[in-house]
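Participant: I have a structure here, written as structure tokens, and I will follow up with some questions on it.
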Amino acid sequence: MTDLLTGPEEDAFRNDIRAFVAAELDPDTRDRVAAGAPLLRDDFTRWQASLYRKGWVAPAWPKDDGGCGWSARYRLIADEEFFRLHTPPLPGFGLKMIGPILIRFGTKAQQDRFLPRILSGADWWCQGFSESGAGSDLASLRTRAERTKGGWVVNGAKTWTTYAQYANWLFCLVRTDPDAKQQRGISMMLIDMAAPGVRRTPIRLIDGTEEINDIFLDDVFVPDEMVVGEINRGWDYAKLLLENERLGIGGIGRSKHLLSRVAAMAETAGVSDDPDISTRLAAFEIDIMAIEATTLRYLAAVEAGATLGPETSLLKIRGTEIQQGLTELMLDIAGPAALPDRLSSATQTPFENAAFQFLNWRKLSIYGGSNEIQRSILARQVLGL
């Protein structure tokens with residue numbers, strides 16, 4: 001596909017990224033990403049270490065806090081190039097979520113303690129938001145924190161906690177005022193995963209992996225210095241978590257990478273000239289161009305000083321629909337070859353991970369605010385229905 005963000009500076013930046021990736025990315029990691037295979041912890045940590053040494057690990061962070069200070073335009077270019085070159089995604093809960101919140105609302109002590117370790121990868125964070133009865137309706141969460149000398153005692157449970165098996169810190173929403181309006185009685189706290197009373201249980205997914213977990217919190221003590229910002233304002237902070245990443249929520253880089261992979265699979269299977277396959281591939285390319293053009297309109301508005309609003313929910317809906325649709329096409333192309341032959345010692349086929357990726361990516365339209373919730377946001381706040 002043609003790159004829409006072009007020009008001498010943009011092209012030079014792309015070339016810098018390509019040269020860096022060629023020199024730094026581990027070939028085994030690149031091959032796993034290119035094949036859509038499950039990734040290892042070392043795939044993430046090695047790549048983060050390379051970006052950290054380069055100074056590229058936190059594109060959206062201010063330079064004074066150790067980030068790149070890149071513009072939204074450069075962040076979009078980098079996202080696209082990194083996907084194109086088969087680099088693993090960075091653990092986002094520290095770099096994209098709690099890091100920016102600590103920069104904006106954390107105490108000086110919290111910033112000094114956690115920001116350098118988020119950048120270096122010394123700390124791996126997970127997110128404690130969803131509960132068994134509070135997913136899309138997050139404001140109904142029941143995990144509670146009660147006041148005690150020097151801090152709080154937390155009891156409750158969190159679910160769908162991605163990569164908690166790797167994490168040593170949890171940022172968590174808890175109810176600190178049961179009598180307040182739902183959204184107003186919630187606070188955000190930082191919890192050491194090694195603290196007494198913290199317990200993790202893996203959840204096996206339909207794709208056979210265990211990348212998400214249940215977290216149980218039984219009489220966990222959280223000192224006052226681990227409360228983020230003001231008590232009972234955690235809902236406000238949670239809503240801002242994705243603010244710096246709104247322009248990337250459509251997943252343009254991911255979609256272009258997947259389209260290229262699916263087209264290559266069609267070539268390998270000898271079906272690229274099949275009218276149905278070629279028509280579907282062309283339709284996805286048009287859809288990606290449309291969402292990229294929409295994103296660039298938002299980008300132009302931001303560069304002109306505007307603030308993005310709820311209309312960006314459109315990017316999340318269409319982006320995830322495109323990506324899920326591409327995995328469906330991938331499965332149609334692969335057919336029975338989508339399932340690996342565990343009894344054979346043959347080399348992995350280009351289709352072997354198609355079933356895994358199809359099943360794993362059913363989550364895209366659920367996390368980050370389900371697409372049903374995003375449609376409600378558009379209806380109420382954009383269309384006024």
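Please note that chains go A, B, ... in the order of the structure tokens, that every chain numbers its residues from 1, and that ligands are numbered from 1 in the order shown.
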Please list as a list in words every residue within 9 Å of A:Leu331, counting only C-alpha atoms and excluding residues in the same chain fewer than 5 positions away.
Facilitator: Leu326, Pro336, Ala337, Ala338, Phe351, Ala354, Ala355 and Phe358 of chain A
Participant: Do you have the atom CA of A:Gly36-atom CA of A:Leu258 distance handy?
Facilitator: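 Straight-line distance from atom CA of A:Gly36 to atom CA of A:Leu258 works out to 9.1 Å.
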Participant: For A:Val220, which residue out of A:Asp177, A:Glu146, A:Asp123, A:Asp31 is the nearest one, using only C-alpha atoms?
Facilitator: A:Glu146
Participant: Report as a ChimeraX atom specification all protein, DNA and RNA residues lying within 12 Å of A:Gln381, evaluated on only C-alpha atoms, omitting residues in the same chain fewer than 5 positions from it.
Facilitator: /A:309-313,373-376
Participant: Which residue out of A:Met330, A:Val222, A:Leu217, A:Ala379 has the minimum interatomic distance to A:Leu259 when only C-alpha atoms are used?
Facilitator: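 Among the listed residues, the smallest separation from A:Leu259 belongs to A:Met330.
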Participant: Any idea what's packed within 12 Å of A:Trp152, counting only C-alpha atoms, ignoring anything in its chain fewer than 5 positions away? Could you give it as a short mmCIF file (atom, residue, chain, number, x, y, z; two decimals) with N, CA and C atoms, in the first residue's frame?
Facilitator:
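Output contents, as saved in result01.cif:
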data_model
loop_
_atom_site.label_atom_id
_atom_site.label_comp_id
_atom_site.auth_asym_id
_atom_site.auth_seq_id
_atom_site.Cartn_x
_atom_site.Cartn_y
_atom_site.Cartn_z
N ARG A 144 -12.89 -3.14 46.77
CA ARG A 144 -12.99 -2.01 47.70
C ARG A 144 -11.68 -1.82 48.47
N ALA A 145 -11.48 -0.58 48.88
CA ALA A 145 -10.34 -0.22 49.72
C ALA A 145 -10.86 0.49 50.96
N GLU A 146 -10.44 0.01 52.12
CA GLU A 146 -10.89 0.60 53.38
C GLU A 146 -9.70 1.23 54.09
N ARG A 147 -9.96 2.38 54.70
CA ARG A 147 -8.90 3.16 55.35
C ARG A 147 -8.32 2.42 56.54
N VAL A 174 -10.16 0.90 42.49
CA VAL A 174 -10.82 0.35 43.67
C VAL A 174 -11.87 1.35 44.16
N ARG A 175 -12.88 0.83 44.85
CA ARG A 175 -13.92 1.70 45.39
C ARG A 175 -13.52 2.15 46.79
N THR A 176 -13.35 3.46 46.95
CA THR A 176 -12.94 4.02 48.23
C THR A 176 -14.07 4.75 48.94
N SER A 187 -10.95 5.15 43.22
CA SER A 187 -9.58 5.67 43.27
C SER A 187 -8.65 4.73 42.51
N MET A 188 -7.49 5.26 42.11
CA MET A 188 -6.47 4.46 41.42
C MET A 188 -5.30 4.24 42.37
N MET A 189 -4.87 2.98 42.48
CA MET A 189 -3.77 2.62 43.37
C MET A 189 -2.76 1.75 42.65
N LEU A 190 -1.52 1.82 43.11
CA LEU A 190 -0.41 1.04 42.58
C LEU A 190 -0.12 -0.09 43.57
N ILE A 191 -0.18 -1.33 43.09
CA ILE A 191 -0.08 -2.49 43.99
C ILE A 191 1.08 -3.37 43.56
N ASP A 219 -7.10 -8.67 51.62
CA ASP A 219 -6.49 -7.88 52.68
C ASP A 219 -5.10 -7.37 52.28
N VAL A 220 -5.01 -6.82 51.08
CA VAL A 220 -3.73 -6.30 50.57
C VAL A 220 -3.53 -4.88 51.08
N PHE A 221 -2.42 -4.63 51.74
CA PHE A 221 -2.13 -3.29 52.26
C PHE A 221 -1.48 -2.45 51.16
N VAL A 222 -2.06 -1.27 50.92
CA VAL A 222 -1.51 -0.32 49.95
C VAL A 222 -1.20 0.98 50.70
N PRO A 223 0.07 1.35 50.82
CA PRO A 223 0.40 2.58 51.55
C PRO A 223 -0.10 3.81 50.84
N ASP A 224 -0.29 4.88 51.59
CA ASP A 224 -0.82 6.13 51.04
C ASP A 224 -0.01 6.63 49.85
N GLU A 225 1.31 6.41 49.88
CA GLU A 225 2.15 6.93 48.80
C GLU A 225 1.95 6.18 47.48
N MET A 226 1.15 5.10 47.50
CA MET A 226 0.87 4.37 46.27
C MET A 226 -0.51 4.71 45.71
N VAL A 227 -1.14 5.74 46.23
CA VAL A 227 -2.39 6.25 45.64
C VAL A 227 -2.03 7.27 44.56
N ILE A 231 -7.84 10.97 46.05
CA ILE A 231 -8.79 9.93 46.38
C ILE A 231 -10.13 10.24 45.69
#
Participant: Check stretch 29-238 of chain A with DSSP on the backbone and list each residue it calls helix (DSSP H, G or I), as a PyMOL selection string.
Facilitator: chain A and resi 29-34+41-54+63-65+72-84+92-105+108-120+138-140+182-185+224-226+234-238
Participant: Considering only C-alpha atoms, return as an MDAnalysis selection string whatever protein or nucleic-acid residues lie within 10 Å of A:Asp42, sequence-local ones (same chain, fewer than 5 positions apart) excluded.
Facilitator: chainID A and resid 29 47:48
Participant: Can you list, as a JSON list (two decimals) with all heavy atoms, in the first residue's frame, every protein, DNA or RNA residue that comes within 12 Å of A:Arg204 when you count only C-alpha atoms, leaving out same-chain residues fewer than 5 positions away?
Facilitator:
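And here's part.json as it stands now:
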[["chain", "number", "residue", "atom", "x", "y", "z"],
["A", 160, "TRP", "N", -9.43, -10.81, 33.34],
["A", 160, "TRP", "CA", -8.93, -10.47, 32.01],
["A", 160, "TRP", "C", -7.64, -9.63, 32.12],
["A", 160, "TRP", "O", -7.42, -8.73, 31.32],
["A", 160, "TRP", "CB", -9.96, -9.72, 31.16],
["A", 160, "TRP", "CG", -11.34, -10.29, 31.19],
["A", 160, "TRP", "CD1", -12.49, -9.62, 31.50],
["A", 160, "TRP", "CD2", -11.74, -11.63, 30.91],
["A", 160, "TRP", "NE1", -13.57, -10.47, 31.44],
["A", 160, "TRP", "CE2", -13.14, -11.71, 31.07],
["A", 160, "TRP", "CE3", -11.04, -12.79, 30.56],
["A", 160, "TRP", "CZ2", -13.86, -12.88, 30.88],
["A", 160, "TRP", "CZ3", -11.76, -13.97, 30.37],
["A", 160, "TRP", "CH2", -13.15, -14.00, 30.53],
["A", 162, "THR", "N", -4.22, -8.93, 31.38],
["A", 162, "THR", "CA", -3.28, -9.37, 30.36],
["A", 162, "THR", "C", -1.84, -9.33, 30.88],
["A", 162, "THR", "O", -1.41, -8.34, 31.47],
["A", 162, "THR", "CB", -3.41, -8.49, 29.11],
["A", 162, "THR", "OG1", -4.77, -8.52, 28.67],
["A", 162, "THR", "CG2", -2.49, -8.99, 28.00],
["A", 209, "THR", "N", -3.74, -20.34, 24.58],
["A", 209, "THR", "CA", -2.73, -19.62, 25.35],
["A", 209, "THR", "C", -3.30, -19.20, 26.70],
["A", 209, "THR", "O", -4.50, -19.32, 26.97],
["A", 209, "THR", "CB", -2.23, -18.38, 24.60],
["A", 209, "THR", "OG1", -3.32, -17.44, 24.47],
["A", 209, "THR", "CG2", -1.72, -18.75, 23.22],
["A", 210, "GLU", "N", -2.41, -18.69, 27.56],
["A", 210, "GLU", "CA", -2.80, -18.22, 28.89],
["A", 210, "GLU", "C", -2.22, -16.82, 29.12],
["A", 210, "GLU", "O", -1.52, -16.57, 30.08],
["A", 210, "GLU", "CB", -2.33, -19.18, 29.97],
["A", 210, "GLU", "CG", -3.00, -20.55, 29.90],
["A", 210, "GLU", "CD", -2.53, -21.51, 30.99],
["A", 210, "GLU", "OE1", -1.55, -21.17, 31.69],
["A", 210, "GLU", "OE2", -3.14, -22.59, 31.13],
["A", 211, "GLU", "N", -2.55, -15.89, 28.23],
["A", 211, "GLU", "CA", -1.98, -14.55, 28.34],
["A", 211, "GLU", "C", -2.80, -13.63, 29.24],
["A", 211, "GLU", "O", -2.39, -12.51, 29.53],
["A", 211, "GLU", "CB", -1.84, -13.90, 26.95],
["A", 211, "GLU", "CG", -3.15, -13.57, 26.28],
["A", 211, "GLU", "CD", -2.96, -12.91, 24.92],
["A", 211, "GLU", "OE1", -1.98, -13.24, 24.23],
["A", 211, "GLU", "OE2", -3.80, -12.08, 24.54],
["A", 212, "ILE", "N", -3.98, -14.09, 29.70],
["A", 212, "ILE", "CA", -4.77, -13.29, 30.62],
["A", 212, "ILE", "C", -4.97, -14.07, 31.92],
["A", 212, "ILE", "O", -4.78, -15.30, 31.97],
["A", 212, "ILE", "CB", -6.13, -12.88, 30.03],
["A", 212, "ILE", "CG1", -6.98, -14.10, 29.72],
["A", 212, "ILE", "CG2", -5.94, -12.02, 28.80],
["A", 212, "ILE", "CD1", -8.37, -13.77, 29.29],
["A", 213, "ASN", "N", -5.38, -13.33, 32.98],
["A", 213, "ASN", "CA", -5.38, -13.92, 34.31],
["A", 213, "ASN", "C", -6.49, -13.33, 35.17],
["A", 213, "ASN", "O", -6.98, -12.23, 34.93],
["A", 213, "ASN", "CB", -4.05, -13.62, 35.02],
["A", 213, "ASN", "CG", -2.84, -14.09, 34.24],
["A", 213, "ASN", "OD1", -2.30, -15.16, 34.47],
["A", 213, "ASN", "ND2", -2.38, -13.26, 33.29],
["A", 214, "ASP", "N", -6.84, -14.09, 36.21],
["A", 214, "ASP", "CA", -7.61, -13.57, 37.33],
["A", 214, "ASP", "C", -6.62, -13.10, 38.39],
["A", 214, "ASP", "O", -5.60, -13.75, 38.64],
["A", 214, "ASP", "CB", -8.51, -14.64, 37.93],
["A", 214, "ASP", "CG", -9.77, -14.88, 37.12],
["A", 214, "ASP", "OD1", -10.37, -13.90, 36.67],
["A", 214, "ASP", "OD2", -10.13, -16.06, 36.95],
["A", 360, "ASN", "N", -7.36, -15.65, 18.57],
["A", 360, "ASN", "CA", -6.82, -14.68, 19.51],
["A", 360, "ASN", "C", -7.38, -13.29, 19.26],
["A", 360, "ASN", "O", -7.66, -12.53, 20.20],
["A", 360, "ASN", "CB", -5.30, -14.66, 19.43],
["A", 360, "ASN", "CG", -4.66, -13.79, 20.48],
["A", 360, "ASN", "OD1", -4.43, -12.60, 20.26],
["A", 360, "ASN", "ND2", -4.37, -14.36, 21.64]]
Participant: Let's see if you can do this: from backbone DSSP, list all strand (DSSP E) residues in stretch 195-322 of chain A, as number ranges by chain.
Facilitator: A: 198-203, 212-223, 227-228
Participant: Can you pull out every residue within 12 Å of A:Ile103, counting only C-alpha atoms, but drop anything in the same chain fewer than 2 positions away, and send it as a PyMOL selection string?
Facilitator: chain A and resi 60-67+94-101+105-116+118+228-229+237+241
Participant: Between A:Tyr163, A:Leu40, A:Asp11, A:Pro178, which one has atoms that come closest to A:Arg142, using only C-alpha atoms?
Facilitator: A:Pro178
Participant: With stretch 15-20 of chain A as the partner and 8 Å as the cut-off, tabulate the residues of stretch 39-158 of chain A that qualify, each row holding the nearest pair of atoms and their distance in Å to one decimal, using only C-alpha atoms, sorted by chain and rising number, as JSON lines.
Facilitator:
{"residue": "A:Ala78", "atom": "CA", "partner": "A:Ile17", "partner_atom": "CA", "distance": 7.3}
{"residue": "A:Glu81", "atom": "CA", "partner": "A:Ile17", "partner_atom": "CA", "distance": 7.1}
{"residue": "A:Phe82", "atom": "CA", "partner": "A:Ile17", "partner_atom": "CA", "distance": 7.8}
{"residue": "A:Leu85", "atom": "CA", "partner": "A:Arg18", "partner_atom": "CA", "distance": 7.5}
Participant: Could you save those same residues with N, CA, C and O atoms as an mmCIF file, in the first residue's frame?
Facilitator:
data_model
loop_
_atom_site.group_PDB
_atom_site.id
_atom_site.type_symbol
_atom_site.label_atom_id
_atom_site.label_comp_id
_atom_site.auth_asym_id
_atom_site.auth_seq_id
_atom_site.Cartn_x
_atom_site.Cartn_y
_atom_site.Cartn_z
ATOM 1 N N ALA A 78 6.094 5.790 12.865
ATOM 2 C CA ALA A 78 6.850 4.759 13.583
ATOM 3 C C ALA A 78 6.005 3.514 13.790
ATOM 4 O O ALA A 78 6.484 2.386 13.597
ATOM 5 N N GLU A 81 5.840 1.621 10.487
ATOM 6 C CA GLU A 81 7.096 0.983 10.106
ATOM 7 C C GLU A 81 7.428 -0.203 11.004
ATOM 8 O O GLU A 81 7.883 -1.247 10.533
ATOM 9 N N PHE A 82 7.201 -0.069 12.305
ATOM 10 C CA PHE A 82 7.523 -1.169 13.215
ATOM 11 C C PHE A 82 6.663 -2.387 12.919
ATOM 12 O O PHE A 82 7.147 -3.525 12.962
ATOM 13 N N LEU A 85 7.910 -4.049 9.684
ATOM 14 C CA LEU A 85 9.193 -4.728 9.828
ATOM 15 C C LEU A 85 9.148 -5.871 10.834
ATOM 16 O O LEU A 85 10.182 -6.401 11.218
#
Participant: Choose the residue, out of A:Gly133, A:Gly319, A:Pro88, A:Gly55, that has the smallest atom-to-atom separation from A:Arg41; count only C-alpha atoms.
Facilitator: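 Smallest separation from A:Arg41 among the options: A:Pro88.
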